[in-house]
Structure formats: structure tokens, C-alpha cells
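Student: See run_38.cif below, with mmCIF, C-alpha atoms.
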data_final
#
loop_
_atom_site.label_atom_id
_atom_site.label_comp_id
_atom_site.auth_asym_id
_atom_site.auth_seq_id
_atom_site.Cartn_x
_atom_site.Cartn_y
_atom_site.Cartn_z
CA MET S 22 29.13 -61.01 12.84
CA ARG S 23 27.41 -57.56 13.48
CA ILE S 24 28.77 -54.74 11.41
CA HIS S 25 28.42 -51.26 12.84
CA ARG S 26 27.58 -48.54 10.34
CA PRO S 27 29.14 -45.25 11.31
CA ALA S 28 26.97 -42.12 11.36
CA ILE S 29 27.98 -39.12 9.29
CA THR S 30 27.71 -36.08 11.51
CA GLY S 31 29.51 -33.58 9.36
CA SER S 32 29.17 -32.71 5.68
CA ILE S 33 29.79 -34.73 2.52
CA SER S 34 31.64 -33.12 -0.38
CA ALA S 35 31.91 -35.07 -3.59
CA THR S 36 31.73 -34.62 -7.31
CA ASN S 37 29.81 -37.82 -7.93
CA LEU S 38 28.09 -39.41 -4.96
CA GLU S 39 25.74 -42.33 -5.43
CA VAL S 40 23.47 -43.41 -2.60
CA SER S 41 21.79 -46.77 -3.02
CA GLY S 42 20.23 -47.06 0.39
CA THR S 43 18.47 -44.55 2.59
CA ILE S 44 19.70 -41.19 3.85
CA LYS S 45 18.57 -40.39 7.38
CA VAL S 46 18.68 -36.71 8.35
CA ALA S 47 17.60 -35.59 11.84
CA GLY S 48 15.24 -38.50 12.16
CA VAL S 49 13.71 -38.18 8.68
CA GLU S 50 14.47 -40.92 6.17
CA VAL S 51 14.73 -39.84 2.55
CA PRO S 52 14.89 -42.83 0.15
CA HIS S 53 17.32 -42.73 -2.72
CA GLY S 54 16.05 -40.69 -5.66
CA THR S 55 13.32 -38.96 -3.68
CA ALA S 56 12.76 -35.24 -4.38
CA VAL S 57 11.45 -32.72 -1.91
CA SER S 58 8.20 -31.97 -3.75
CA SER S 59 5.65 -31.63 -0.99
CA SER S 60 4.97 -28.71 1.29
CA PHE S 61 6.41 -27.63 4.60
CA VAL S 62 3.51 -27.71 7.04
CA GLN S 63 2.46 -25.22 9.67
CA GLY S 64 5.11 -24.42 12.23
CA ALA S 65 7.91 -26.17 10.32
CA ALA S 66 11.25 -24.45 9.86
CA VAL S 67 13.95 -24.96 7.27
CA SER S 68 17.17 -24.55 9.24
CA GLY S 69 19.67 -25.76 6.68
CA SER S 70 20.57 -24.35 3.31
CA PHE S 71 19.44 -25.29 -0.19
CA VAL S 72 22.51 -26.01 -2.31
CA GLN S 73 23.23 -25.36 -5.94
CA GLY S 74 20.52 -26.54 -8.28
CA ALA S 75 18.12 -27.56 -5.53
CA ALA S 76 14.49 -26.55 -5.85
CA VAL S 77 11.56 -26.46 -3.49
CA SER S 78 8.52 -27.26 -5.63
CA GLY S 79 5.98 -27.24 -2.83
CA SER S 80 4.68 -24.30 -0.85
CA PHE S 81 5.46 -22.80 2.51
CA VAL S 82 2.16 -22.62 4.40
CA GLN S 83 1.04 -20.44 7.29
CA GLY S 84 3.57 -20.03 10.05
CA ALA S 85 6.53 -21.58 8.22
CA ALA S 86 9.89 -19.88 8.51
CA VAL S 87 12.96 -20.00 6.30
CA SER S 88 15.85 -19.36 8.68
CA SER S 89 18.80 -19.81 6.35
CA SER S 90 19.74 -18.78 2.86
CA PHE S 91 18.98 -20.15 -0.57
CA ALA S 92 22.25 -20.88 -2.33
CA GLN S 93 23.04 -20.38 -6.00
CA LYS S 94 20.26 -21.38 -8.42
CA SER S 95 17.93 -22.44 -5.62
CA ALA S 96 14.35 -21.52 -6.38
CA VAL S 97 11.07 -21.30 -4.57
CA SER S 98 8.70 -22.25 -7.38
CA SER S 99 5.52 -22.03 -5.37
CA SER S 100 4.21 -19.36 -3.05
CA ILE S 101 4.66 -18.42 0.56
CA SER S 102 1.13 -17.93 1.84
CA GLU S 103 -0.21 -15.37 4.31
CA PRO S 104 -0.23 -14.20 6.97
CA THR S 105 3.54 -14.06 7.46
CA ALA S 106 6.63 -15.82 6.20
CA ASN S 107 9.93 -14.95 7.82
CA VAL S 108 13.01 -14.84 5.61
CA SER S 109 16.22 -14.14 7.46
CA GLY S 110 18.62 -14.95 4.66
CA SER S 111 18.71 -14.23 0.94
CA SER S 112 16.58 -15.82 -1.72
CA THR S 113 15.69 -15.97 -5.36
CA SER S 114 12.01 -16.65 -5.95
CA THR S 115 9.96 -17.51 -8.99
CA GLY S 116 6.75 -17.63 -6.99
CA SER S 117 4.70 -15.05 -5.15
CA PHE S 118 4.85 -13.76 -1.61
CA GLY S 119 1.84 -12.57 0.38
CA ARG S 120 3.23 -10.53 3.28
CA VAL S 121 6.97 -10.94 3.82
CA GLU S 122 8.91 -9.95 6.91
CA VAL S 123 12.69 -9.74 6.78
CA ASN S 124 14.26 -10.21 10.21
CA GLY S 125 15.55 -6.92 11.56
CA ILE S 126 13.68 -4.88 8.94
CA GLY S 127 9.98 -5.67 9.33
CA PRO S 128 7.21 -5.98 6.75
CA ILE S 129 7.90 -5.26 3.11
CA GLY S 130 4.82 -3.73 1.58
CA GLY S 131 3.33 -0.71 -0.09
CA TRP S 132 0.06 1.17 0.04
CA VAL S 133 -2.52 -0.51 2.27
CA LYS S 134 -6.19 0.07 1.47
CA LEU S 135 -8.06 1.46 4.50
CA GLN S 136 -11.37 2.88 3.27
CA SER S 137 -13.36 3.14 0.05
CA THR S 138 -16.49 5.29 -0.26
CA THR S 139 -18.78 5.29 -3.30
CA VAL S 140 -20.53 8.61 -3.86
CA ASP S 141 -24.32 8.51 -4.25
CA ASP S 142 -25.80 12.02 -4.30
CA ASP S 143 -24.03 12.93 -1.03
CA ALA S 144 -23.62 16.38 0.49
CA THR S 145 -20.23 15.37 1.95
CA VAL S 146 -17.80 12.45 1.86
CA ASP S 147 -15.76 11.96 5.03
CA ILE S 148 -12.48 10.05 4.89
CA THR S 149 -11.58 9.05 8.44
CA THR S 150 -11.02 5.29 8.73
CA GLY S 151 -7.46 4.43 9.74
CA ILE S 152 -5.93 7.92 9.81
CA GLY S 153 -3.68 7.83 12.87
CA SER S 154 -0.32 6.56 14.10
CA THR S 155 -0.20 3.31 12.11
CA TYR S 156 1.13 5.08 9.02
CA ASP S 157 3.06 8.32 8.45
CA HIS S 158 1.86 8.89 4.88
CA TYR S 159 -1.67 8.66 3.52
CA MET S 160 -3.04 8.86 -0.01
CA ILE S 161 -6.60 9.43 -1.19
CA MET S 162 -7.49 8.35 -4.72
CA ALA S 163 -10.49 10.12 -6.27
CA LYS S 164 -12.04 8.42 -9.30
CA SER S 165 -14.71 9.70 -11.71
CA ILE S 166 -16.00 12.46 -9.40
CA VAL S 167 -18.91 14.55 -10.69
CA GLY S 168 -21.31 16.95 -9.01
CA VAL S 169 -25.09 17.15 -9.24
CA THR S 170 -24.86 20.80 -10.32
CA ASP S 171 -22.71 21.56 -13.35
CA GLY S 172 -19.73 23.92 -13.11
CA GLN S 173 -19.27 23.85 -9.33
CA ASP S 174 -16.05 23.47 -7.32
CA LEU S 175 -14.85 20.56 -5.23
CA ASN S 176 -13.82 21.69 -1.74
CA ILE S 177 -11.89 20.17 1.18
CA LYS S 178 -12.14 20.59 4.95
CA LEU S 179 -9.94 18.95 7.58
CA THR S 180 -10.70 17.48 10.99
CA VAL S 181 -7.96 18.71 13.34
CA GLY S 182 -7.85 18.33 17.11
CA GLY S 183 -11.08 16.32 17.05
CA ALA S 184 -13.22 18.93 15.24
CA LEU S 185 -14.09 19.62 11.60
CA LYS S 186 -12.75 23.10 10.89
CA GLY S 187 -14.87 25.71 9.11
CA ALA S 188 -12.41 28.62 8.95
CA ASP S 189 -8.71 29.56 8.90
CA TYR S 190 -7.72 27.74 5.70
CA ARG S 191 -5.02 28.83 3.28
CA TYR S 192 -4.57 27.45 -0.22
CA ARG S 193 -3.14 28.00 -3.68
CA VAL S 194 -4.37 26.14 -6.75
CA LEU S 195 -3.08 26.31 -10.33
CA THR S 196 -5.44 25.07 -13.05
CA HIS S 197 -4.60 24.76 -16.75
CA ASN S 198 -7.12 23.86 -19.45
CA SER S 199 -6.85 22.66 -23.02
CA GLY S 200 -8.92 25.58 -24.35
CA GLY S 201 -6.72 28.40 -23.06
CA SER S 202 -3.15 29.64 -23.29
CA GLY S 203 -2.75 30.60 -19.64
CA PHE S 204 -3.84 29.22 -16.29
CA ASN S 205 -6.08 30.10 -13.36
CA ASP S 206 -4.30 30.96 -10.13
CA ASN S 207 -6.73 30.71 -7.21
CA LYS S 208 -5.47 31.48 -3.72
CA SER S 209 -6.53 32.65 -0.26
CA ASP S 210 -4.97 33.33 3.13
CA SER S 211 -8.29 33.18 4.99
CA ALA S 212 -11.05 30.88 3.80
CA ALA S 213 -13.84 28.67 5.16
CA ALA S 214 -12.53 25.69 3.16
CA ILE S 215 -9.81 24.73 0.71
CA ARG S 216 -11.47 25.86 -2.52
CA TYR S 217 -11.05 25.15 -6.24
CA VAL S 218 -9.73 21.62 -5.69
CA MET S 219 -11.40 20.89 -9.02
CA ALA S 220 -12.85 24.19 -10.24
CA GLY S 221 -15.92 24.14 -12.50
CA LEU S 222 -16.34 20.37 -12.26
CA GLY S 223 -18.81 18.89 -14.73
CA SER S 224 -22.03 17.02 -13.93
CA ASN S 225 -21.93 14.59 -16.83
CA ALA S 226 -20.50 11.12 -16.19
CA SER S 227 -18.13 11.61 -19.13
CA GLU S 228 -16.60 14.62 -17.37
CA GLY S 229 -15.65 12.84 -14.14
CA GLY S 230 -12.57 14.07 -12.30
CA ASP S 231 -9.67 11.92 -11.08
CA GLY S 232 -7.16 13.00 -8.46
CA VAL S 233 -4.53 11.94 -5.96
CA PHE S 234 -4.33 13.63 -2.55
CA TRP S 235 -1.59 13.27 0.07
CA VAL S 236 -1.44 13.99 3.81
CA ASN S 237 1.58 13.30 6.02
CA ASP S 238 2.41 12.85 9.70
CA PRO S 239 -1.23 13.18 10.87
CA THR S 240 -0.55 12.60 14.58
CA ASN S 241 1.88 15.51 14.83
CA THR S 242 0.36 18.05 17.22
CA THR S 243 2.98 20.78 16.87
CA LYS S 244 2.59 21.77 13.22
CA PHE S 245 -0.15 22.99 10.89
CA HIS S 246 -1.65 20.17 8.82
CA MET S 247 -1.71 20.40 5.04
CA ILE S 248 -2.91 18.45 2.03
CA HIS S 249 -1.61 18.60 -1.54
CA TRP S 250 -2.93 17.08 -4.75
CA ASN S 251 -2.85 16.65 -8.50
CA ALA S 252 -6.02 16.14 -10.52
CA VAL S 253 -7.49 16.03 -14.03
CA TYR S 254 -11.08 16.54 -15.22
CA SER S 255 -13.07 17.86 -18.19
CA ASN S 256 -15.90 20.33 -18.65
CA PRO S 257 -15.62 19.65 -21.59
CA GLU S 258 -12.07 21.06 -21.93
CA ILE S 259 -9.37 19.00 -20.24
CA HIS S 260 -8.20 20.59 -16.99
CA THR S 261 -5.06 19.79 -15.01
CA VAL S 262 -4.74 20.88 -11.39
CA SER S 263 -1.87 21.20 -8.93
CA GLY S 264 -2.74 22.50 -5.50
CA ALA S 265 -2.00 22.63 -1.80
CA GLY S 266 -3.78 23.93 1.26
CA GLY S 267 -3.98 23.61 5.00
CA TYR S 268 -5.60 24.62 8.25
CA THR S 269 -3.61 27.27 10.11
CA GLY S 270 -6.00 28.15 12.92
CA GLY S 271 -4.28 25.84 15.42
CA THR S 272 -2.46 22.56 15.84
CA GLY S 273 -3.64 19.10 16.77
CA ALA S 274 -3.82 15.63 15.27
CA LEU S 275 -5.34 15.33 11.80
CA THR S 276 -7.99 12.59 11.81
CA GLY S 277 -10.21 13.28 8.81
CA VAL S 278 -10.57 14.79 5.32
CA GLN S 279 -13.99 15.91 4.07
CA PHE S 280 -14.93 16.49 0.41
CA SER S 281 -17.94 18.53 -0.74
CA MET S 282 -19.11 20.80 -3.54
CA ASN S 283 -19.42 24.56 -3.01
CA SER S 284 -23.01 24.23 -4.29
CA GLY S 285 -25.12 21.09 -4.63
CA ASN S 286 -24.21 17.50 -3.81
CA LEU S 287 -21.58 15.12 -5.03
CA GLU S 288 -23.35 12.90 -7.55
CA SER S 289 -21.07 9.92 -8.19
CA GLY S 290 -17.51 8.62 -8.05
CA THR S 291 -15.25 6.89 -5.54
CA PHE S 292 -12.82 8.07 -2.85
CA THR S 293 -10.31 5.48 -1.56
CA LEU S 294 -7.88 5.94 1.32
CA TYR S 295 -4.50 4.17 1.55
CA GLY S 296 -1.74 4.16 4.15
CA LEU S 297 1.91 3.62 3.25
CA ALA S 298 3.50 0.76 5.23
CA LYS S 299 6.38 1.94 7.38
#
Can the structure in the file be given as C-alpha cells, please?
Tutor:
Amino acid sequence: MRIHRPAITGSISATNLEVSGTIKVAGVEVPHGTAVSSSFVQGAAVSGSFVQGAAVSGSFVQGAAVSSSFAQKSAVSSSISEPTANVSGSSTSTGSFGRVEVNGIGPIGGWVKLQSTTVDDDATVDITTGIGSTYDHYMIMAKSIVGVTDGQDLNIKLTVGGALKGADYRYRVLTHNSGGSGFNDNKSDSAAAIRYVMAGLGSNASEGGDGVFWVNDPTNTTKFHMIHWNAVYSNPEIHTVSGAGGYTGGTGALTGVQFSMNSGNLESGTFTLYGLAK
């Protein structure tokens, strides 16, 4: 006599459930006692939910999507690899994520490296790569900057409206040093460059200056563009700097930042540009 085995199309809820045969889910047979320990391959999607205590010990590879939520105590113990993994629910992860996109929100990230320039006895260093509409906020990290000629000042010029500007700058820079009780207050309402960015910068490698510079909303064509910064350097006293400046001779998109010394070349150091992910 042929015995028909009914299919279970709903859900099973039990405190103690023992399966001695084979579970068949959506065409995939999972033998009794088998754990999900391999990886989900390219293009695969996990459309169900991981219940209490369940763990995924493999990895989600390129193109995989997790379309539901990880329930209590579920864990992703491996990594979700680049370029993109889509997570539309909630999760607890003990692994690492490359670039994660949450549905309805977009990419979760931070500062994205766009350009790095190593100084080698250069008259100018131009930071231009990637400044545009992709990001609203940009940061330039200056590391171990020294000049060829001792005691000179680091200057900044901006490229606005497609041209490097050589006039109509305004700035104010406050510099404190470890050898004095006061501070230097340098300012101008009409200058050929933003001056005293690091005033009296040393030429010895041990005196290299470090700084962080910020520019915002570079594609805005209705406002004056500005840059502000904080920096430290020695000569040999320790100097701390807080400053801001901008070009006020007209409006236009900001597409570049140029560094130079007021006399002599830049000898060594690194300038690195980052954009903040929206």
C-alpha cells in the first residue's frame, strides 16, 4: 500500500523536535544534523529569517543580499565582502563589513581617500582630484611638512570658477607657541594668498608640521568659498595654529586647493585629500 507523506507548508513550533530523515526546503534537501557552514554564492539571497541561536559560519560573497532580519542571538561570524552587501533588516555581526548599503538609507561609510601627494622639493602642491559634487565635505591631511628655506610661511590659494586666484583673499590666523605667553594674531582683508597657515615653518625633518584642513560645499556658485584648519609644528618651539580664510573676489565652484611657501620650495611631507560619504 502507498503511503502519502503530507508536505508542511507552514511553520513548525516545538520545544523538542527530532528529525530523523531529511528536511526539504524550497527544493534544497538538508540532511538531519547538517549545519549551514558553507558560503552563500554570488547572486544568492537569504529571504527567510535566522532564528534564535542560529549562526552563519560561512561568508556572504559578492552580490549576495540579506533581505530579512537576524533574530535574537543570530550571528554573522564571517565577513560580507565587497563591493556591496544589502541589509534590509537588522543584524548583529561579529565579522567585518566592506561597504554596506542599508535599503532606503544608502552607503554607510566615512572619509574616502581621493588623492595623496608626496612633497619632493616642489614649488607648489595642488589638491584637485575628486573635488566636486560627489561629496559635500572635504578634508586635507598634511603630514610632516617642511620647507627648503627655514622660517618661512606655508600659504594657500584656491581655484574658484576654473581659475587659480592670486588676489582678493581674507584670513585670520592665531598662533600660540610654547616659548611665549601670548599669541600671534595675523590677519588681512586684502591679500594675494591666505598667509601664515604655518608661520615660520622649520626646514629640519624633526620640525615637520601636521595639519587638518576643511572645505565644504565646493560646487556652490552663490557664496564665497572658505577653508579653515588646525595645525601643529615646531621651530624648535611647539606652535599651535587655528585659522580660516577665503576668496572674496567672486563666486564660482571651488575645484582646487594649492599649497606653497612664501619663499623657497616645499621640501618634504604628504598632503592627502578625503571626501566624506553622504
Student: For stretch 250-265 of chain S, list every protein, DNA or RNA residue within 9 Å, evaluated using all atoms listed in the file, and leave out those in the same chain fewer than 6 positions away; present the list as a PDB file with C-alpha atoms, in the frame of the given file.
Tutor:
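Saved as out19.pdb:
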ATOM      1  CA  ALA S 163     -10.490  10.120  -6.270  1.00  0.00           C
ATOM      2  CA  SER S 165     -14.710   9.700 -11.710  1.00  0.00           C
ATOM      3  CA  ILE S 166     -16.000  12.460  -9.400  1.00  0.00           C
ATOM      4  CA  ASP S 171     -22.710  21.560 -13.350  1.00  0.00           C
ATOM      5  CA  GLY S 172     -19.730  23.920 -13.110  1.00  0.00           C
ATOM      6  CA  ARG S 191      -5.020  28.830   3.280  1.00  0.00           C
ATOM      7  CA  TYR S 192      -4.570  27.450  -0.220  1.00  0.00           C
ATOM      8  CA  ARG S 193      -3.140  28.000  -3.680  1.00  0.00           C
ATOM      9  CA  VAL S 194      -4.370  26.140  -6.750  1.00  0.00           C
ATOM     10  CA  LEU S 195      -3.080  26.310 -10.330  1.00  0.00           C
ATOM     11  CA  THR S 196      -5.440  25.070 -13.050  1.00  0.00           C
ATOM     12  CA  HIS S 197      -4.600  24.760 -16.750  1.00  0.00           C
ATOM     13  CA  ASN S 198      -7.120  23.860 -19.450  1.00  0.00           C
ATOM     14  CA  SER S 199      -6.850  22.660 -23.020  1.00  0.00           C
ATOM     15  CA  GLY S 200      -8.920  25.580 -24.350  1.00  0.00           C
ATOM     16  CA  ILE S 215      -9.810  24.730   0.710  1.00  0.00           C
ATOM     17  CA  TYR S 217     -11.050  25.150  -6.240  1.00  0.00           C
ATOM     18  CA  VAL S 218      -9.730  21.620  -5.690  1.00  0.00           C
ATOM     19  CA  MET S 219     -11.400  20.890  -9.020  1.00  0.00           C
ATOM     20  CA  ALA S 220     -12.850  24.190 -10.240  1.00  0.00           C
ATOM     21  CA  GLY S 221     -15.920  24.140 -12.500  1.00  0.00           C
ATOM     22  CA  LEU S 222     -16.340  20.370 -12.260  1.00  0.00           C
ATOM     23  CA  GLY S 223     -18.810  18.890 -14.730  1.00  0.00           C
ATOM     24  CA  SER S 224     -22.030  17.020 -13.930  1.00  0.00           C
ATOM     25  CA  ASN S 225     -21.930  14.590 -16.830  1.00  0.00           C
ATOM     26  CA  SER S 227     -18.130  11.610 -19.130  1.00  0.00           C
ATOM     27  CA  GLU S 228     -16.600  14.620 -17.370  1.00  0.00           C
ATOM     28  CA  GLY S 229     -15.650  12.840 -14.140  1.00  0.00           C
ATOM     29  CA  GLY S 230     -12.570  14.070 -12.300  1.00  0.00           C
ATOM     30  CA  ASP S 231      -9.670  11.920 -11.080  1.00  0.00           C
ATOM     31  CA  GLY S 232      -7.160  13.000  -8.460  1.00  0.00           C
ATOM     32  CA  VAL S 233      -4.530  11.940  -5.960  1.00  0.00           C
ATOM     33  CA  PHE S 234      -4.330  13.630  -2.550  1.00  0.00           C
ATOM     34  CA  TRP S 235      -1.590  13.270   0.070  1.00  0.00           C
TER      35      TRP S 235
END
Student: Under the PyMOL selection byres ((chain S and resi 147-149) around 10), which residues of this model are included? Write them out as a PyMOL selection string.
Tutor: chain S and resi 135-138+145-146+150-153+161+177-180+275-281+292-294
Student: For the atom pair atom CA of S:Asp210 and atom CA of S:Asn176, what is the interatomic distance in Å to one decimal place?
Tutor: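 We find that atom CA of S:Asp210 and atom CA of S:Asn176 lie 15.4 Å from each other.
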Student: Excluding same-chain residues fewer than 2 positions from S:Thr269, what lies within 6 Å of it counting only C-alpha atoms, as a PyMOL selection string?
Tutor: chain S and resi 189+245+271
Student: Which is closest to S:Asn241 among S:Thr170, S:Leu175, S:Asp142, S:Thr272, if we use only C-alpha atoms?
Tutor: S:Thr272
Student: Expressed in Å to a single decimal, how great is the separation between atom CA of S:Gly266 and atom CA of S:Ala188?
Tutor: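 These atoms are spaced 12.5 Å apart.
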Student: Suppose you want the space between atom CA of S:Gly187 and atom CA of S:Pro239; what is it in Å?
Tutor: 18.6 Å
Student: From the options S:Leu287, S:Ala213, S:Val167, S:Met162, which residue's atoms come nearest to S:Ala226, counting only C-alpha atoms?
Tutor: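 Once distances to S:Ala226 are computed over only C-alpha atoms, the minimum belongs to S:Val167.
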Student: Go ahead and find all residues with at least one atom no further than 7 Å from (3.4, 13.8, 5.0) in the file's coordinates, using all atoms listed in the file; report them as a PyMOL selection string.
Tutor: chain S and resi 157-158+236-238
Student: Using only C-alpha atoms, find the one residue out of S:Val181, S:Ser211, S:Gly290, S:Ser284 that sits nearest to S:Thr242.
Tutor: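 Among S:Val181, S:Ser211, S:Gly290, S:Ser284, it is S:Val181 that comes nearest to S:Thr242.
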Student: Could you model N, CA and C atoms for stretch 194-223 of chain S and present them as a PDB file, in the frame of the given file?
Tutor:
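Everything below was put into result-v3.pdb:
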ATOM      1  N   VAL S 194      -4.020  27.153  -5.770  1.00  0.00           N
ATOM      2  CA  VAL S 194      -4.370  26.140  -6.750  1.00  0.00           C
ATOM      3  C   VAL S 194      -4.118  26.685  -8.156  1.00  0.00           C
ATOM      4  N   LEU S 195      -3.337  25.948  -8.942  1.00  0.00           N
ATOM      5  CA  LEU S 195      -3.080  26.310 -10.330  1.00  0.00           C
ATOM      6  C   LEU S 195      -3.825  25.342 -11.238  1.00  0.00           C
ATOM      7  N   THR S 196      -4.641  25.897 -12.142  1.00  0.00           N
ATOM      8  CA  THR S 196      -5.440  25.070 -13.050  1.00  0.00           C
ATOM      9  C   THR S 196      -5.174  25.492 -14.498  1.00  0.00           C
ATOM     10  N   HIS S 197      -4.789  24.534 -15.319  1.00  0.00           N
ATOM     11  CA  HIS S 197      -4.600  24.760 -16.750  1.00  0.00           C
ATOM     12  C   HIS S 197      -5.723  24.041 -17.493  1.00  0.00           C
ATOM     13  N   ASN S 198      -6.112  24.562 -18.648  1.00  0.00           N
ATOM     14  CA  ASN S 198      -7.120  23.860 -19.450  1.00  0.00           C
ATOM     15  C   ASN S 198      -6.736  23.858 -20.913  1.00  0.00           C
ATOM     16  N   SER S 199      -7.233  22.855 -21.621  1.00  0.00           N
ATOM     17  CA  SER S 199      -6.850  22.660 -23.020  1.00  0.00           C
ATOM     18  C   SER S 199      -7.372  23.746 -23.947  1.00  0.00           C
ATOM     19  N   GLY S 200      -8.339  24.550 -23.499  1.00  0.00           N
ATOM     20  CA  GLY S 200      -8.920  25.580 -24.350  1.00  0.00           C
ATOM     21  C   GLY S 200      -8.318  26.951 -24.162  1.00  0.00           C
ATOM     22  N   GLY S 201      -7.300  27.087 -23.309  1.00  0.00           N
ATOM     23  CA  GLY S 201      -6.720  28.400 -23.060  1.00  0.00           C
ATOM     24  C   GLY S 201      -5.207  28.359 -23.103  1.00  0.00           C
ATOM     25  N   SER S 202      -4.603  29.542 -23.207  1.00  0.00           N
ATOM     26  CA  SER S 202      -3.150  29.640 -23.290  1.00  0.00           C
ATOM     27  C   SER S 202      -2.510  29.878 -21.928  1.00  0.00           C
ATOM     28  N   GLY S 203      -3.294  30.307 -20.965  1.00  0.00           N
ATOM     29  CA  GLY S 203      -2.750  30.600 -19.640  1.00  0.00           C
ATOM     30  C   GLY S 203      -3.244  29.608 -18.613  1.00  0.00           C
ATOM     31  N   PHE S 204      -3.354  30.064 -17.368  1.00  0.00           N
ATOM     32  CA  PHE S 204      -3.840  29.220 -16.290  1.00  0.00           C
ATOM     33  C   PHE S 204      -4.561  30.073 -15.254  1.00  0.00           C
ATOM     34  N   ASN S 205      -5.396  29.420 -14.463  1.00  0.00           N
ATOM     35  CA  ASN S 205      -6.080  30.100 -13.360  1.00  0.00           C
ATOM     36  C   ASN S 205      -5.283  29.905 -12.084  1.00  0.00           C
ATOM     37  N   ASP S 206      -5.052  30.986 -11.385  1.00  0.00           N
ATOM     38  CA  ASP S 206      -4.300  30.960 -10.130  1.00  0.00           C
ATOM     39  C   ASP S 206      -5.241  31.405  -9.008  1.00  0.00           C
ATOM     40  N   ASN S 207      -5.809  30.413  -8.297  1.00  0.00           N
ATOM     41  CA  ASN S 207      -6.730  30.710  -7.210  1.00  0.00           C
ATOM     42  C   ASN S 207      -6.021  30.547  -5.869  1.00  0.00           C
ATOM     43  N   LYS S 208      -6.179  31.530  -4.999  1.00  0.00           N
ATOM     44  CA  LYS S 208      -5.470  31.480  -3.720  1.00  0.00           C
ATOM     45  C   LYS S 208      -6.230  32.267  -2.665  1.00  0.00           C
ATOM     46  N   SER S 209      -5.941  31.921  -1.383  1.00  0.00           N
ATOM     47  CA  SER S 209      -6.530  32.650  -0.260  1.00  0.00           C
ATOM     48  C   SER S 209      -5.691  32.419   0.987  1.00  0.00           C
ATOM     49  N   ASP S 210      -5.636  33.446   1.836  1.00  0.00           N
ATOM     50  CA  ASP S 210      -4.970  33.330   3.130  1.00  0.00           C
ATOM     51  C   ASP S 210      -5.962  33.268   4.286  1.00  0.00           C
ATOM     52  N   SER S 211      -7.259  33.283   3.955  1.00  0.00           N
ATOM     53  CA  SER S 211      -8.290  33.180   4.990  1.00  0.00           C
ATOM     54  C   SER S 211      -9.587  32.721   4.332  1.00  0.00           C
ATOM     55  N   ALA S 212      -9.882  31.433   4.474  1.00  0.00           N
ATOM     56  CA  ALA S 212     -11.050  30.880   3.800  1.00  0.00           C
ATOM     57  C   ALA S 212     -11.760  29.880   4.701  1.00  0.00           C
ATOM     58  N   ALA S 213     -13.040  29.615   4.375  1.00  0.00           N
ATOM     59  CA  ALA S 213     -13.840  28.670   5.160  1.00  0.00           C
ATOM     60  C   ALA S 213     -13.602  27.229   4.747  1.00  0.00           C
ATOM     61  N   ALA S 214     -12.870  27.034   3.643  1.00  0.00           N
ATOM     62  CA  ALA S 214     -12.530  25.690   3.160  1.00  0.00           C
ATOM     63  C   ALA S 214     -11.395  25.846   2.157  1.00  0.00           C
ATOM     64  N   ILE S 215     -10.781  24.731   1.801  1.00  0.00           N
ATOM     65  CA  ILE S 215      -9.810  24.730   0.710  1.00  0.00           C
ATOM     66  C   ILE S 215     -10.608  24.634  -0.579  1.00  0.00           C
ATOM     67  N   ARG S 216     -10.608  25.729  -1.347  1.00  0.00           N
ATOM     68  CA  ARG S 216     -11.470  25.860  -2.520  1.00  0.00           C
ATOM     69  C   ARG S 216     -10.751  25.476  -3.803  1.00  0.00           C
ATOM     70  N   TYR S 217     -11.547  25.344  -4.873  1.00  0.00           N
ATOM     71  CA  TYR S 217     -11.050  25.150  -6.240  1.00  0.00           C
ATOM     72  C   TYR S 217     -10.191  23.895  -6.388  1.00  0.00           C
ATOM     73  N   VAL S 218     -10.478  22.878  -5.579  1.00  0.00           N
ATOM     74  CA  VAL S 218      -9.730  21.620  -5.690  1.00  0.00           C
ATOM     75  C   VAL S 218      -9.880  21.048  -7.097  1.00  0.00           C
ATOM     76  N   MET S 219     -11.111  21.073  -7.596  1.00  0.00           N
ATOM     77  CA  MET S 219     -11.400  20.890  -9.020  1.00  0.00           C
ATOM     78  C   MET S 219     -12.425  21.967  -9.357  1.00  0.00           C
ATOM     79  N   ALA S 220     -11.992  23.037 -10.004  1.00  0.00           N
ATOM     80  CA  ALA S 220     -12.850  24.190 -10.240  1.00  0.00           C
ATOM     81  C   ALA S 220     -13.701  24.009 -11.492  1.00  0.00           C
ATOM     82  N   GLY S 221     -15.018  24.268 -11.359  1.00  0.00           N
ATOM     83  CA  GLY S 221     -15.920  24.140 -12.500  1.00  0.00           C
ATOM     84  C   GLY S 221     -16.102  22.696 -12.940  1.00  0.00           C
ATOM     85  N   LEU S 222     -16.197  21.800 -11.975  1.00  0.00           N
ATOM     86  CA  LEU S 222     -16.340  20.370 -12.260  1.00  0.00           C
ATOM     87  C   LEU S 222     -17.656  20.099 -12.978  1.00  0.00           C
ATOM     88  N   GLY S 223     -17.618  19.206 -13.954  1.00  0.00           N
ATOM     89  CA  GLY S 223     -18.810  18.890 -14.730  1.00  0.00           C
ATOM     90  C   GLY S 223     -19.775  17.982 -13.991  1.00  0.00           C
TER      91      GLY S 223
END
